[in-house]
>>> print(open('target_6.cif').read())   # mmCIF, C-alpha atoms and all ligand atoms
data_query
loop_
_atom_site.label_atom_id
_atom_site.label_comp_id
_atom_site.auth_asym_id
_atom_site.auth_seq_id
_atom_site.Cartn_x
_atom_site.Cartn_y
_atom_site.Cartn_z
CA MET A 30 175.83 -10.29 287.62
CA SER A 31 174.78 -8.62 290.85
CA ALA A 32 172.08 -6.35 289.39
CA GLY A 33 169.39 -7.07 286.88
CA ILE A 34 170.22 -6.77 283.19
CA LYS A 35 168.08 -4.50 281.05
CA LEU A 36 166.57 -6.18 277.99
CA ASN A 37 164.46 -3.25 276.82
CA GLU A 38 162.84 -0.10 278.24
CA HIS A 39 160.47 -2.19 280.40
CA LEU A 40 162.09 -5.57 280.77
CA TYR A 41 164.87 -6.86 283.04
CA TRP A 42 166.56 -10.21 283.42
CA ILE A 43 166.85 -10.98 287.12
CA GLY A 44 167.82 -14.64 286.94
CA VAL A 45 170.44 -16.40 289.02
CA ASN A 46 173.19 -18.91 288.30
CA ASP A 47 173.14 -22.14 290.30
CA ARG A 48 176.66 -23.44 290.80
CA GLN A 49 175.88 -25.61 293.81
CA THR A 50 173.61 -28.32 292.47
CA ASP A 51 175.55 -31.35 291.25
CA PHE A 52 172.74 -33.08 289.38
CA PHE A 53 169.75 -31.37 287.79
CA GLU A 54 166.64 -33.25 288.90
CA GLU A 55 169.20 -35.28 290.93
CA LEU A 56 169.88 -37.11 287.68
CA TRP A 57 171.72 -35.08 285.08
CA PRO A 58 175.23 -33.78 285.87
CA ILE A 59 175.67 -30.02 285.67
CA PRO A 60 179.39 -29.49 286.29
CA ASN A 61 179.11 -26.02 284.80
CA GLY A 62 175.96 -25.10 286.67
CA ILE A 63 172.64 -23.89 285.33
CA ALA A 64 170.81 -20.56 285.19
CA TYR A 65 167.26 -19.99 286.34
CA ASN A 66 166.06 -17.11 284.20
CA SER A 67 163.46 -14.84 285.73
CA PHE A 68 162.23 -11.59 284.22
CA LEU A 69 160.72 -8.41 285.56
CA VAL A 70 158.40 -6.15 283.56
CA LEU A 71 158.24 -2.59 284.92
CA ASP A 72 155.27 -0.89 283.32
CA ASP A 73 152.09 0.66 284.76
CA LYS A 74 151.82 -2.77 286.34
CA VAL A 75 154.78 -4.73 287.63
CA ALA A 76 155.03 -8.38 286.60
CA LEU A 77 157.49 -11.13 287.37
CA ILE A 78 157.78 -13.77 284.69
CA ASP A 79 158.80 -17.03 286.37
CA ALA A 80 160.74 -17.23 289.61
CA VAL A 81 163.76 -19.33 290.59
CA LYS A 82 164.63 -22.44 292.59
CA ASP A 83 164.76 -21.89 296.33
CA ILE A 84 168.50 -21.38 296.34
CA SER A 85 170.36 -18.11 295.85
CA LEU A 86 167.24 -16.37 297.13
CA ASP A 87 169.27 -13.60 298.73
CA ARG A 88 170.74 -12.64 295.41
CA TYR A 89 167.42 -12.97 293.64
CA LEU A 90 165.47 -10.84 296.10
CA LYS A 91 168.21 -8.22 296.12
CA LYS A 92 167.79 -7.85 292.37
CA ILE A 93 164.06 -7.38 292.75
CA ARG A 94 164.57 -4.88 295.58
CA LYS A 95 166.91 -2.80 293.42
CA LEU A 96 164.21 -2.41 290.77
CA VAL A 97 160.98 -2.47 292.76
CA SER A 98 160.33 -0.40 295.87
CA ARG A 99 158.28 -1.82 298.74
CA ASP A 100 155.52 0.71 297.95
CA ARG A 101 155.31 -0.14 294.32
CA GLY A 102 155.27 -3.90 294.91
CA ILE A 103 154.60 -6.62 292.37
CA ASP A 104 151.20 -7.01 290.73
CA TYR A 105 151.60 -10.33 288.95
CA LEU A 106 153.77 -13.42 288.98
CA ILE A 107 153.33 -15.33 285.75
CA ILE A 108 154.23 -18.97 286.21
CA LYS A 109 154.70 -20.92 283.03
CA HIS A 110 155.18 -24.20 284.81
CA ILE A 111 155.27 -25.23 288.42
CA GLU A 112 158.42 -27.34 288.42
CA PRO A 113 160.24 -26.17 291.56
CA ASP A 114 163.30 -24.92 289.67
CA HIS A 115 161.07 -21.96 288.76
CA SER A 116 158.48 -21.92 291.50
CA GLY A 117 160.71 -22.50 294.53
CA ALA A 118 160.65 -18.81 295.43
CA VAL A 119 156.85 -18.50 295.27
CA LYS A 120 156.14 -18.62 298.99
CA ILE A 121 158.68 -16.00 299.95
CA LEU A 122 157.54 -13.76 297.10
CA ARG A 123 153.97 -13.99 298.38
CA GLU A 124 155.08 -13.07 301.84
CA LEU A 125 157.03 -10.08 300.58
CA PHE A 126 154.39 -8.95 298.10
CA PRO A 127 151.02 -10.06 299.53
CA ARG A 128 149.03 -8.20 296.90
CA MET A 129 150.74 -10.12 294.05
CA GLN A 130 148.45 -12.29 291.93
CA ILE A 131 149.80 -15.53 290.57
CA VAL A 132 148.90 -15.97 286.91
CA GLY A 133 148.50 -19.33 285.21
CA ASN A 134 146.03 -21.66 283.58
CA ARG A 135 143.62 -24.06 285.27
CA LYS A 136 146.18 -26.84 285.42
CA THR A 137 148.75 -24.44 286.92
CA LEU A 138 146.34 -23.78 289.74
CA GLU A 139 145.94 -27.50 290.48
CA LEU A 140 149.69 -27.98 290.61
CA LEU A 141 150.26 -24.79 292.61
CA ALA A 142 147.91 -26.17 295.26
CA ALA A 143 149.58 -29.59 295.18
CA PHE A 144 153.17 -28.34 295.38
CA HIS A 145 152.85 -25.17 297.46
CA GLY A 146 149.42 -25.33 299.08
CA ILE A 147 148.51 -22.03 297.41
CA SER A 148 145.11 -21.43 295.84
CA GLU A 149 144.19 -17.84 296.70
CA ASN A 150 144.93 -14.70 294.79
CA PHE A 151 145.23 -16.60 291.54
CA LEU A 152 144.33 -15.20 288.14
CA THR A 153 143.30 -17.87 285.65
CA VAL A 154 144.14 -17.31 282.00
CA ASP A 155 143.13 -19.34 278.96
CA ASP A 156 144.83 -20.11 275.72
CA GLY A 157 145.09 -16.86 273.76
CA SER A 158 144.01 -14.54 276.56
CA PHE A 159 145.76 -11.23 277.26
CA LEU A 160 147.10 -9.41 280.27
CA HIS A 161 147.68 -5.67 279.86
CA LEU A 162 150.49 -4.22 281.91
CA GLY A 163 150.36 -0.73 280.37
CA GLY A 164 152.31 -0.40 277.13
CA CYS A 165 153.29 -4.06 277.38
CA ARG A 166 150.74 -6.67 276.55
CA LEU A 167 151.17 -10.34 277.39
CA GLN A 168 149.44 -13.07 275.45
CA PHE A 169 149.36 -16.64 276.77
CA HIS A 170 149.84 -19.68 274.59
CA ILE A 171 149.13 -22.96 276.30
CA THR A 172 151.63 -25.60 275.12
CA PRO A 173 150.79 -28.64 277.23
CA MET A 174 153.24 -31.40 278.16
CA VAL A 175 156.53 -29.78 277.28
CA HIS A 176 157.35 -31.25 279.73
CA TRP A 177 154.72 -30.72 282.43
CA PRO A 178 150.97 -30.67 281.78
CA GLU A 179 150.45 -26.99 282.57
CA THR A 180 153.27 -25.56 280.45
CA MET A 181 152.52 -22.39 278.55
CA MET A 182 154.46 -19.72 276.73
CA THR A 183 153.97 -15.98 277.11
CA PHE A 184 154.43 -13.49 274.29
CA GLU A 185 155.00 -9.81 275.05
CA GLN A 186 153.54 -8.25 271.96
CA ARG A 187 154.93 -4.74 272.11
CA HIS A 188 158.58 -5.79 272.10
CA GLN A 189 157.91 -9.21 270.58
CA VAL A 190 159.60 -11.21 273.31
CA LEU A 191 158.64 -14.86 273.66
CA PHE A 192 159.02 -16.25 277.18
CA SER A 193 159.18 -19.87 276.18
CA GLY A 194 159.64 -21.69 279.49
CA ASP A 195 162.03 -24.66 279.39
CA VAL A 196 161.75 -24.95 275.61
CA PHE A 197 164.99 -23.60 274.05
CA GLY A 198 166.66 -23.81 277.46
CA GLY A 199 170.08 -25.30 278.17
CA PHE A 200 172.38 -26.41 280.96
CA THR A 201 175.37 -24.35 282.13
CA ALA A 202 175.45 -21.15 284.09
CA LEU A 203 175.54 -17.98 282.04
CA ASP A 204 179.21 -17.14 282.35
CA ASP A 205 180.00 -14.82 279.48
CA GLY A 206 176.77 -12.86 279.41
CA ILE A 207 173.15 -13.69 278.85
CA PHE A 208 172.77 -12.82 275.16
CA ASP A 209 173.48 -15.04 272.16
CA ASP A 210 175.38 -12.25 270.38
CA ARG A 211 177.77 -11.74 273.31
CA ILE A 212 179.04 -15.30 273.23
CA ARG A 213 182.30 -15.86 271.40
CA ASP A 214 181.71 -19.55 270.81
CA LEU A 215 178.10 -20.69 270.72
CA GLY A 216 179.16 -24.34 270.21
CA PRO A 217 179.37 -25.31 273.89
CA TYR A 218 176.06 -23.56 274.63
CA GLU A 219 174.36 -25.38 271.79
CA TYR A 220 175.76 -28.68 273.05
CA GLU A 221 174.37 -27.98 276.53
CA MET A 222 171.07 -27.00 274.93
CA LEU A 223 170.93 -30.35 273.17
CA ARG A 224 171.91 -32.16 276.37
CA TYR A 225 169.12 -30.39 278.25
CA PHE A 226 166.72 -31.22 275.44
CA THR A 227 167.60 -34.92 275.33
CA ASN A 228 167.72 -35.32 279.11
CA VAL A 229 164.63 -33.35 280.06
CA ILE A 230 162.39 -32.46 277.12
CA GLY A 231 163.07 -34.96 274.32
CA LYS A 232 160.49 -37.52 275.42
CA TYR A 233 157.84 -34.93 274.60
CA SER A 234 159.12 -34.26 271.08
CA VAL A 235 155.65 -34.66 269.58
CA MET A 236 154.36 -31.98 271.95
CA VAL A 237 157.35 -29.79 271.13
CA GLN A 238 156.37 -30.01 267.47
CA LYS A 239 152.84 -28.93 268.39
CA ALA A 240 154.20 -26.04 270.45
CA LEU A 241 156.44 -24.94 267.57
CA ALA A 242 153.47 -25.01 265.20
CA LYS A 243 151.55 -22.87 267.66
CA ILE A 244 154.22 -20.16 267.85
CA ALA A 245 155.08 -20.33 264.14
CA GLY A 246 152.97 -17.26 263.37
CA LEU A 247 154.64 -15.04 265.98
CA ASP A 248 157.23 -12.52 264.85
CA ILE A 249 159.75 -13.24 267.60
CA ARG A 250 162.42 -10.60 268.17
CA MET A 251 163.74 -12.09 271.37
CA LEU A 252 163.53 -15.60 272.76
CA ALA A 253 163.71 -15.78 276.54
CA PRO A 254 163.71 -19.34 277.93
CA THR A 255 163.87 -20.20 281.63
CA HIS A 256 167.40 -21.64 281.34
CA GLY A 257 170.34 -20.75 279.15
CA LEU A 258 170.89 -17.97 276.68
CA ILE A 259 168.54 -15.18 275.70
CA TRP A 260 168.35 -15.21 271.90
CA ARG A 261 168.00 -11.69 270.56
CA ASN A 262 170.10 -11.95 267.41
CA TRP A 263 169.30 -15.43 266.17
CA PRO A 264 166.01 -16.53 267.75
CA ARG A 265 165.15 -18.40 264.54
CA HIS A 266 168.35 -20.40 264.86
CA ALA A 267 167.31 -21.66 268.30
CA VAL A 268 163.84 -22.51 267.00
CA GLY A 269 165.42 -24.36 264.06
CA LEU A 270 167.60 -26.47 266.38
CA TYR A 271 164.58 -27.49 268.43
CA ASP A 272 162.63 -28.27 265.31
CA ARG A 273 165.36 -30.62 264.05
CA TRP A 274 165.88 -32.34 267.38
CA SER A 275 162.19 -32.90 268.02
CA ARG A 276 161.81 -34.41 264.55
CA TYR A 277 164.61 -36.85 265.47
CA GLU A 278 166.77 -35.55 262.64
CA ALA A 279 170.35 -36.70 262.99
CA GLU A 280 173.81 -35.76 261.79
CA ASP A 281 176.16 -38.15 260.00
CA GLY A 282 178.05 -40.20 262.50
CA VAL A 283 178.14 -43.31 264.65
CA VAL A 284 178.10 -43.68 268.42
CA ILE A 285 179.50 -46.88 269.89
CA VAL A 286 178.41 -47.51 273.45
CA TYR A 287 179.78 -50.51 275.27
CA ALA A 288 180.57 -52.08 278.62
CA SER A 289 183.19 -54.71 279.29
CA MET A 290 184.26 -56.40 282.51
CA TYR A 291 187.30 -58.31 281.28
CA GLY A 292 188.06 -56.87 277.86
CA SER A 293 186.40 -59.23 275.36
CA THR A 294 183.53 -56.90 274.43
CA GLU A 295 186.02 -54.06 274.39
CA ASN A 296 188.24 -55.90 271.88
CA MET A 297 185.20 -56.38 269.66
CA MET A 298 184.47 -52.67 269.97
CA GLU A 299 187.99 -51.84 268.80
CA ALA A 300 187.53 -53.92 265.66
CA ILE A 301 184.22 -52.21 264.89
CA ALA A 302 185.65 -48.76 265.58
CA HIS A 303 188.64 -49.49 263.37
CA SER A 304 186.45 -50.48 260.44
CA LEU A 305 184.32 -47.36 260.90
CA GLY A 306 187.23 -45.03 261.48
CA SER A 307 189.00 -45.94 258.28
CA GLU A 308 186.09 -44.89 256.11
CA THR A 309 183.61 -42.91 258.12
CA THR A 310 182.26 -39.69 256.69
CA GLY A 311 180.70 -38.42 259.90
CA ALA A 312 181.73 -38.34 263.53
CA LEU A 313 182.75 -41.39 265.50
CA ARG A 314 182.04 -41.31 269.24
CA ILE A 315 182.96 -44.11 271.62
CA HIS A 316 181.57 -44.30 275.14
CA ASN A 317 182.44 -46.75 277.87
CA LEU A 318 179.31 -46.98 280.00
CA ALA A 319 181.32 -47.42 283.17
CA ARG A 320 183.04 -44.08 282.64
CA VAL A 321 180.55 -41.78 280.97
CA HIS A 322 177.29 -40.61 282.47
CA PRO A 323 174.24 -41.57 280.37
CA SER A 324 173.33 -37.87 280.14
CA TYR A 325 176.19 -37.42 277.63
CA ILE A 326 175.57 -40.72 275.87
CA LEU A 327 171.89 -39.89 275.30
CA THR A 328 172.98 -36.58 273.84
CA ASP A 329 175.29 -38.21 271.31
CA ILE A 330 172.76 -40.87 270.36
CA TRP A 331 170.18 -38.14 269.76
CA ARG A 332 172.70 -36.29 267.66
CA TYR A 333 174.02 -39.02 265.35
CA ARG A 334 172.20 -41.42 263.07
CA GLY A 335 174.15 -44.61 263.77
CA VAL A 336 174.38 -46.35 267.13
CA ILE A 337 176.17 -49.59 267.98
CA LEU A 338 175.56 -51.14 271.39
CA GLY A 339 177.90 -53.69 272.97
CA SER A 340 177.26 -55.61 276.18
CA PRO A 341 178.63 -58.72 277.84
CA THR A 342 176.07 -61.12 279.26
CA TYR A 343 175.64 -60.64 282.98
CA ASN A 344 173.47 -63.01 285.01
CA THR A 345 171.61 -64.19 281.89
CA GLY A 346 170.89 -60.68 280.63
CA LEU A 347 172.37 -57.30 279.90
CA PHE A 348 175.20 -55.70 281.78
CA PRO A 349 173.31 -53.50 284.30
CA LEU A 350 174.59 -50.17 282.97
CA MET A 351 173.48 -51.09 279.44
CA ASP A 352 170.12 -52.15 280.84
CA HIS A 353 169.81 -48.69 282.38
CA LEU A 354 170.77 -46.95 279.15
CA ILE A 355 168.25 -48.79 276.99
CA ARG A 356 165.49 -48.11 279.51
CA LEU A 357 166.31 -44.43 279.30
CA LEU A 358 166.30 -44.53 275.49
CA GLU A 359 163.01 -46.38 275.43
CA ASN A 360 161.49 -43.91 277.87
CA LYS A 361 162.70 -41.01 275.71
CA MET A 362 161.10 -42.64 272.66
CA LEU A 363 163.91 -41.67 270.31
CA ARG A 364 163.00 -42.63 266.73
CA HIS A 365 164.71 -43.31 263.41
CA ARG A 366 168.13 -44.65 264.22
CA VAL A 367 170.27 -47.27 262.51
CA ALA A 368 171.64 -49.74 265.04
CA GLY A 369 174.05 -52.63 265.46
CA VAL A 370 174.70 -54.92 268.44
CA PHE A 371 177.58 -57.02 269.72
CA GLY A 372 178.93 -58.61 272.89
CA SER A 373 180.72 -61.44 274.58
CA CYS A 374 179.19 -64.11 276.81
CA GLY A 375 180.53 -67.08 278.76
CA TRP A 376 178.10 -69.90 278.04
CA SER A 377 174.40 -69.52 277.15
CA GLY A 378 174.38 -65.75 276.54
CA GLY A 379 171.35 -63.48 276.80
CA ALA A 380 172.59 -59.91 276.35
CA LEU A 381 172.32 -59.87 272.55
CA GLN A 382 168.80 -61.22 272.60
CA GLU A 383 167.80 -58.32 274.85
CA LEU A 384 169.57 -55.75 272.70
CA GLY A 385 167.85 -57.13 269.58
CA ASP A 386 164.45 -57.04 271.30
CA PHE A 387 165.12 -53.46 272.33
CA ILE A 388 165.93 -52.38 268.79
CA ARG A 389 162.78 -54.03 267.46
CA ARG A 390 160.68 -52.25 270.10
CA MET A 391 162.27 -48.94 269.11
CA LYS A 392 161.55 -49.74 265.44
CA TRP A 393 165.15 -48.86 264.63
CA GLU A 394 166.83 -50.34 261.57
CA LEU A 395 169.04 -53.26 262.59
CA VAL A 396 172.33 -53.71 260.78
CA GLU A 397 173.71 -57.23 260.31
CA PRO A 398 175.48 -59.13 261.66
CA ALA A 399 174.65 -59.16 265.36
CA VAL A 400 177.98 -60.42 266.69
CA GLU A 401 177.94 -62.61 269.76
CA VAL A 402 181.13 -64.35 270.88
CA LYS A 403 181.79 -66.94 273.56
CA GLY A 404 184.73 -65.78 275.66
CA ALA A 405 187.51 -63.87 273.90
CA PRO A 406 186.98 -62.96 270.22
CA ARG A 407 189.03 -64.93 267.68
CA GLU A 408 190.25 -63.72 264.31
CA GLU A 409 187.02 -64.72 262.53
CA ASP A 410 184.93 -63.01 265.22
CA LEU A 411 186.84 -59.78 264.76
CA LYS A 412 186.23 -60.03 261.03
CA ARG A 413 182.50 -60.20 261.71
CA CYS A 414 182.86 -57.11 263.91
CA ALA A 415 184.56 -55.33 261.02
CA LEU A 416 181.73 -56.45 258.76
CA LEU A 417 179.19 -54.94 261.17
CA GLY A 418 181.08 -51.65 260.96
CA ALA A 419 181.24 -51.78 257.15
CA ASN A 420 177.52 -52.61 256.88
CA MET A 421 176.68 -49.74 259.21
CA LEU A 422 178.52 -47.35 256.90
CA LYS A 423 176.77 -48.82 253.87
CA GLN A 424 173.40 -48.44 255.55
CA LEU A 425 174.09 -44.85 256.56
CA ARG A 426 175.15 -43.97 253.02
CA THR A 427 171.84 -45.15 251.62
CA GLY A 428 170.30 -42.04 253.16
CA ILE A 429 167.78 -41.16 255.82
CA PRO A 430 166.63 -44.29 257.62
CA ARG A 431 162.99 -45.19 257.32
CA GLY A 432 161.35 -45.52 260.72
CA GLY A 433 159.63 -48.82 261.30
CA GLU A 434 162.07 -51.13 259.52
CA GLN A 435 163.35 -54.12 261.37
CA GLY A 436 166.24 -56.46 261.00
CA ASP A 437 165.48 -60.15 260.70
CA SER A 438 168.21 -61.88 262.65
CA LEU A 439 168.43 -62.58 266.39
C1 LIG B 501 179.05 -61.69 287.30
C2 LIG B 501 179.06 -62.38 285.98
C3 LIG B 501 177.91 -62.97 285.51
C4 LIG B 501 177.88 -63.61 284.27
N1 LIG B 501 176.73 -64.17 283.82
C5 LIG B 501 176.71 -64.84 282.64
C6 LIG B 501 175.52 -65.47 282.16
O1 LIG B 501 174.49 -65.46 282.82
N2 LIG B 501 175.55 -66.09 280.95
C7 LIG B 501 176.66 -66.12 280.18
O2 LIG B 501 176.63 -66.66 279.09
N3 LIG B 501 177.82 -65.54 280.63
C8 LIG B 501 177.86 -64.90 281.83
N4 LIG B 501 179.02 -64.34 282.29
C9 LIG B 501 180.24 -64.48 281.49
C10 LIG B 501 180.57 -63.23 280.70
O3 LIG B 501 179.50 -62.89 279.86
C11 LIG B 501 181.84 -63.51 279.90
O4 LIG B 501 182.91 -63.59 280.83
C12 LIG B 501 182.16 -62.43 278.87
O5 LIG B 501 183.25 -62.83 278.09
C13 LIG B 501 182.49 -61.09 279.52
O6 LIG B 501 182.81 -60.16 278.53
P1 LIG B 501 183.80 -58.95 278.87
O7 LIG B 501 185.21 -59.49 278.88
O8 LIG B 501 183.57 -57.97 277.77
O9 LIG B 501 183.42 -58.43 280.20
C14 LIG B 501 179.06 -63.69 283.51
C15 LIG B 501 180.22 -63.11 283.98
C16 LIG B 501 180.24 -62.47 285.20
C17 LIG B 501 181.51 -61.84 285.70
FE FE B 502 160.87 -27.87 283.76
FE FE B 503 163.20 -25.65 284.19
#
>>> encode(input="target_6.cif", output="structure tokens")
Amino acid sequence: MSAGIKLNEHLYWIGVNDRQTDFFEELWPIPNGIAYNSFLVLDDKVALIDAVKDISLDRYLKKIRKLVSRDRGIDYLIIKHIEPDHSGAVKILRELFPRMQIVGNRKTLELLAAFHGISENFLTVDDGSFLHLGGCRLQFHITPMVHWPETMMTFEQRHQVLFSGDVFGGFTALDDGIFDDRIRDLGPYEYEMLRYFTNVIGKYSVMVQKALAKIAGLDIRMLAPTHGLIWRNWPRHAVGLYDRWSRYEAEDGVVIVYASMYGSTENMMEAIAHSLGSETTGALRIHNLARVHPSYILTDIWRYRGVILGSPTYNTGLFPLMDHLIRLLENKMLRHRVAGVFGSCGWSGGALQELGDFIRRMKWELVEPAVEVKGAPREEDLKRCALLGANMLKQLRTGIPRGGEQGDSL
């Protein structure tokens, strides 16, 4: 991918793959990298749509140089949000193309000043306003808080390309090409799209729904997010995925997440898993918190309707990794799940109380029984674990959970 890739007579993809960063936002693992998609419109006017993080700048600038001579220069840089994974190259671009105007809304300008100390040569656009580049015509749609306050989408009307920002984006570098129809197996890309959604965007699901309503009237031929695939064959499919995820719709299946220092909580988990596994209709996923990064666990919990959390008591409360996970879930404000809880303690306990409180705060449906055991589980304890599994299945079979219902034990 050394040169830009032509998307249509005027439009080029000039993004770069990042294979050096270990954790996106220093939080979310990206073992397969990530792409920063940037686009160049070559018309009577020359416009860059989003830039890249301040890595791989050599490669990025080379791509621009191949398409744009020094004389011609760049007229506009449209920034759809200021997060540095897209604005990192702004300063160098301004040095190279001093005439270039940066285009954004009022909030963009505030953040541009705060992050880069730039406030001159800025063109302010409003919701619905146009920018004519020649044959190509950009319209701006302000879609606030997905996931920064200044986020907006840009629609190129002539070729019906929606530059959607982070919405519809995904982790992983673009290895087998940038287009949806060039990918042999979309499954892994869709998984990384969901992981990106749950890790980065999901908290703002309500705002995603508003953004989707806003673009519903556009006849989108190509969907060009700032990360991940360019959707030119199935843009509606990508929109449909985002619609489902941001409505908290889930697939059939159960995720068991547990921690265990000395094996008691793990033995309980095995009994629950066994009772689920013998009858389950959907997927069964089991995650040991000590071994799996919460990025992947969040993704599964967003994906499946049932979740069962197991934690030993640790210093009167939750095992620290479980504490971290539930804080993340609460921050992401995931709704409409069916949940069960279990765990082992030594003497006075505490973990199960906290798990129960968490589920009530989330307004998830709590499945009985909450199984708490002192020390190692005995035969009758394991039977209660199996009952929890059986009740979870029963509850899931009754259909879509109603948000707002609460269990009455604990
Ligand atoms: C560092 C540490 C702190 C603990 N704190 C408590 C506690 O505050 N209250 C309690 O009831 N048990 C406490 N326990 C006991 C554990 O909850 C108990 O050993 C339990 O069976 C561990 O389950 P596991 O085998 O799944 O790790 C503690 C254990 C350890 C190692
Ligand atoms: Fe972002
Ligand atoms: Fe981004």
>>> residues_near_ligand(input="target_6.cif", ligand="ligand FE 502 (chain B)", cutoff="10 Å", atoms="all atoms listed in the file", output="number ranges by chain")
A: 54, 109-115, 175-177, 180, 194-196, 198, 229-230, 255-256
>>> atom_distance(input="target_6.cif", atom1="CA of Glu299 in chain A", atom2="CA of Val396 in chain A")
17.7 Å
>>> residues_around(input="target_6.cif", residues="Leu384 in chain A", least_positions_apart="4", cutoff="9 Å", atoms="only C-alpha atoms", output="count of residues only")
12
>>> closest_residue(input="target_6.cif", among="A:Tyr89, A:Phe387, A:Tyr225, A:Tyr325", to="ligand FE 503 (chain B)", atoms="all atoms listed in the file")
A:Tyr225
>>> residues_near_ligand(input="target_6.cif", ligand="ligand LIG 501 (chain B)", cutoff="10 Å", atoms="all atoms listed in the file", output="ChimeraX atom specification")
/A:287-298,339-348,372-380,401-406
>>> atom_distance(input="target_6.cif", atom1="CA of Ser193 in chain A", atom2="CA of Trp274 in chain A")
16.7 Å
>>> atom_distance(input="target_6.cif", atom1="CA of Tyr41 in chain A", atom2="CA of Leu241 in chain A")
25.2 Å
>>> residues_around(input="target_6.cif", residues="Asn228 in chain A", least_positions_apart="6", cutoff="12 Å", atoms="only C-alpha atoms", output="ChimeraX atom specification")
/A:52-59,176,198-200,221-222,234,322-331,357-358,360-363
>>> closest_residue(input="target_6.cif", among="A:Val97, A:Met236, A:Val119, A:Val81", to="ligand FE 503 (chain B)", atoms="all atoms listed in the file")
A:Val81
>>> closest_residue(input="target_6.cif", among="A:Asp156, A:Asp272, A:Glu139, A:Asp79", to="ligand FE 503 (chain B)", atoms="all atoms listed in the file")
A:Asp79
>>> closest_residue(input="target_6.cif", among="A:Ala242, A:Phe226, A:Val132, A:Pro217", to="ligand FE 503 (chain B)", atoms="all atoms listed in the file")
A:Phe226
>>> closest_residue(input="target_6.cif", among="A:Gly163, A:Leu90, A:Pro254, A:Leu191", to="ligand FE 503 (chain B)", atoms="only C-alpha atoms and all ligand atoms")
A:Pro254
>>> residues_around(input="target_6.cif", residues="Arg187 in chain A", least_positions_apart="2", cutoff="8 Å", atoms="all atoms listed in the file", output="mmCIF file with C-alpha atoms, in the coordinates of the input")
data_model
loop_
_atom_site.group_PDB
_atom_site.id
_atom_site.type_symbol
_atom_site.label_atom_id
_atom_site.label_comp_id
_atom_site.auth_asym_id
_atom_site.auth_seq_id
_atom_site.Cartn_x
_atom_site.Cartn_y
_atom_site.Cartn_z
ATOM 1 C CA GLY A 164 152.310 -0.400 277.130
ATOM 2 C CA CYS A 165 153.290 -4.060 277.380
ATOM 3 C CA ARG A 166 150.740 -6.670 276.550
ATOM 4 C CA GLU A 185 155.000 -9.810 275.050
ATOM 5 C CA GLN A 189 157.910 -9.210 270.580
#
>>> residues_near_point(input="target_6.cif", point="(152.8, -30.2, 273.8)", cutoff="7 Å", atoms="only C-alpha atoms", output="list in words")
Thr172, Pro173, Met174, Val175, Tyr233, Val235, Met236, Val237, Lys239 and Ala240 of chain A
>>> closest_residue(input="target_6.cif", among="A:Pro127, A:Gly306, A:Pro178, A:Gly206", to="Trp42 in chain A", atoms="only C-alpha atoms")
A:Gly206
>>> residues_around(input="target_6.cif", residues="Val70 in chain A", least_positions_apart="5", cutoff="7 Å", atoms="only C-alpha atoms", output="count of residues only")
6
>>> closest_atom_pairs(input="target_6.cif", of="range 257-323 of chain A", to="range 415-419 of chain A", cutoff="9 Å", atoms="only C-alpha atoms", output="CSV")
residue,atom,partner,partner_atom,distance
A:Met297,CA,A:Ala415,CA,8.7
A:Ala300,CA,A:Ala415,CA,5.7
A:Ile301,CA,A:Ala415,CA,5.0
A:Ala302,CA,A:Gly418,CA,7.1
A:His303,CA,A:Ala415,CA,7.5
A:Ser304,CA,A:Ala415,CA,5.2
A:Leu305,CA,A:Gly418,CA,5.4
A:Glu308,CA,A:Ala419,CA,8.5
>>> residues_near_point(input="target_6.cif", point="(184.2, -42.1, 276.1)", cutoff="10 Å", atoms="all atoms listed in the file", output="MDAnalysis selection string")
chainID A and resid 284:287 314:322 325:326
>>> decode(input="target_6.cif", residues="range 270-275 of chain A", atoms="N, CA, C and O atoms", output="mmCIF file, in the first residue's frame")
data_model
loop_
_atom_site.group_PDB
_atom_site.id
_atom_site.type_symbol
_atom_site.label_atom_id
_atom_site.label_comp_id
_atom_site.auth_asym_id
_atom_site.auth_seq_id
_atom_site.Cartn_x
_atom_site.Cartn_y
_atom_site.Cartn_z
ATOM 1 N N LEU A 270 -25.444 -3.176 11.362
ATOM 2 C CA LEU A 270 -24.706 -3.681 12.526
ATOM 3 C C LEU A 270 -24.680 -2.622 13.623
ATOM 4 O O LEU A 270 -24.964 -2.901 14.788
ATOM 5 N N TYR A 271 -24.333 -1.393 13.236
ATOM 6 C CA TYR A 271 -24.258 -0.317 14.221
ATOM 7 C C TYR A 271 -25.613 -0.035 14.858
ATOM 8 O O TYR A 271 -25.709 0.281 16.036
ATOM 9 N N ASP A 272 -26.645 -0.149 14.055
ATOM 10 C CA ASP A 272 -27.987 0.083 14.576
ATOM 11 C C ASP A 272 -28.306 -0.948 15.659
ATOM 12 O O ASP A 272 -28.764 -0.605 16.753
ATOM 13 N N ARG A 273 -28.001 -2.213 15.365
ATOM 14 C CA ARG A 273 -28.291 -3.278 16.348
ATOM 15 C C ARG A 273 -27.466 -3.081 17.615
ATOM 16 O O ARG A 273 -27.985 -3.162 18.727
ATOM 17 N N TRP A 274 -26.190 -2.847 17.450
ATOM 18 C CA TRP A 274 -25.316 -2.732 18.621
ATOM 19 C C TRP A 274 -25.714 -1.543 19.487
ATOM 20 O O TRP A 274 -25.672 -1.619 20.708
ATOM 21 N N SER A 275 -26.062 -0.433 18.855
ATOM 22 C CA SER A 275 -26.355 0.761 19.657
ATOM 23 C C SER A 275 -27.770 0.718 20.236
ATOM 24 O O SER A 275 -28.135 1.556 21.033
#
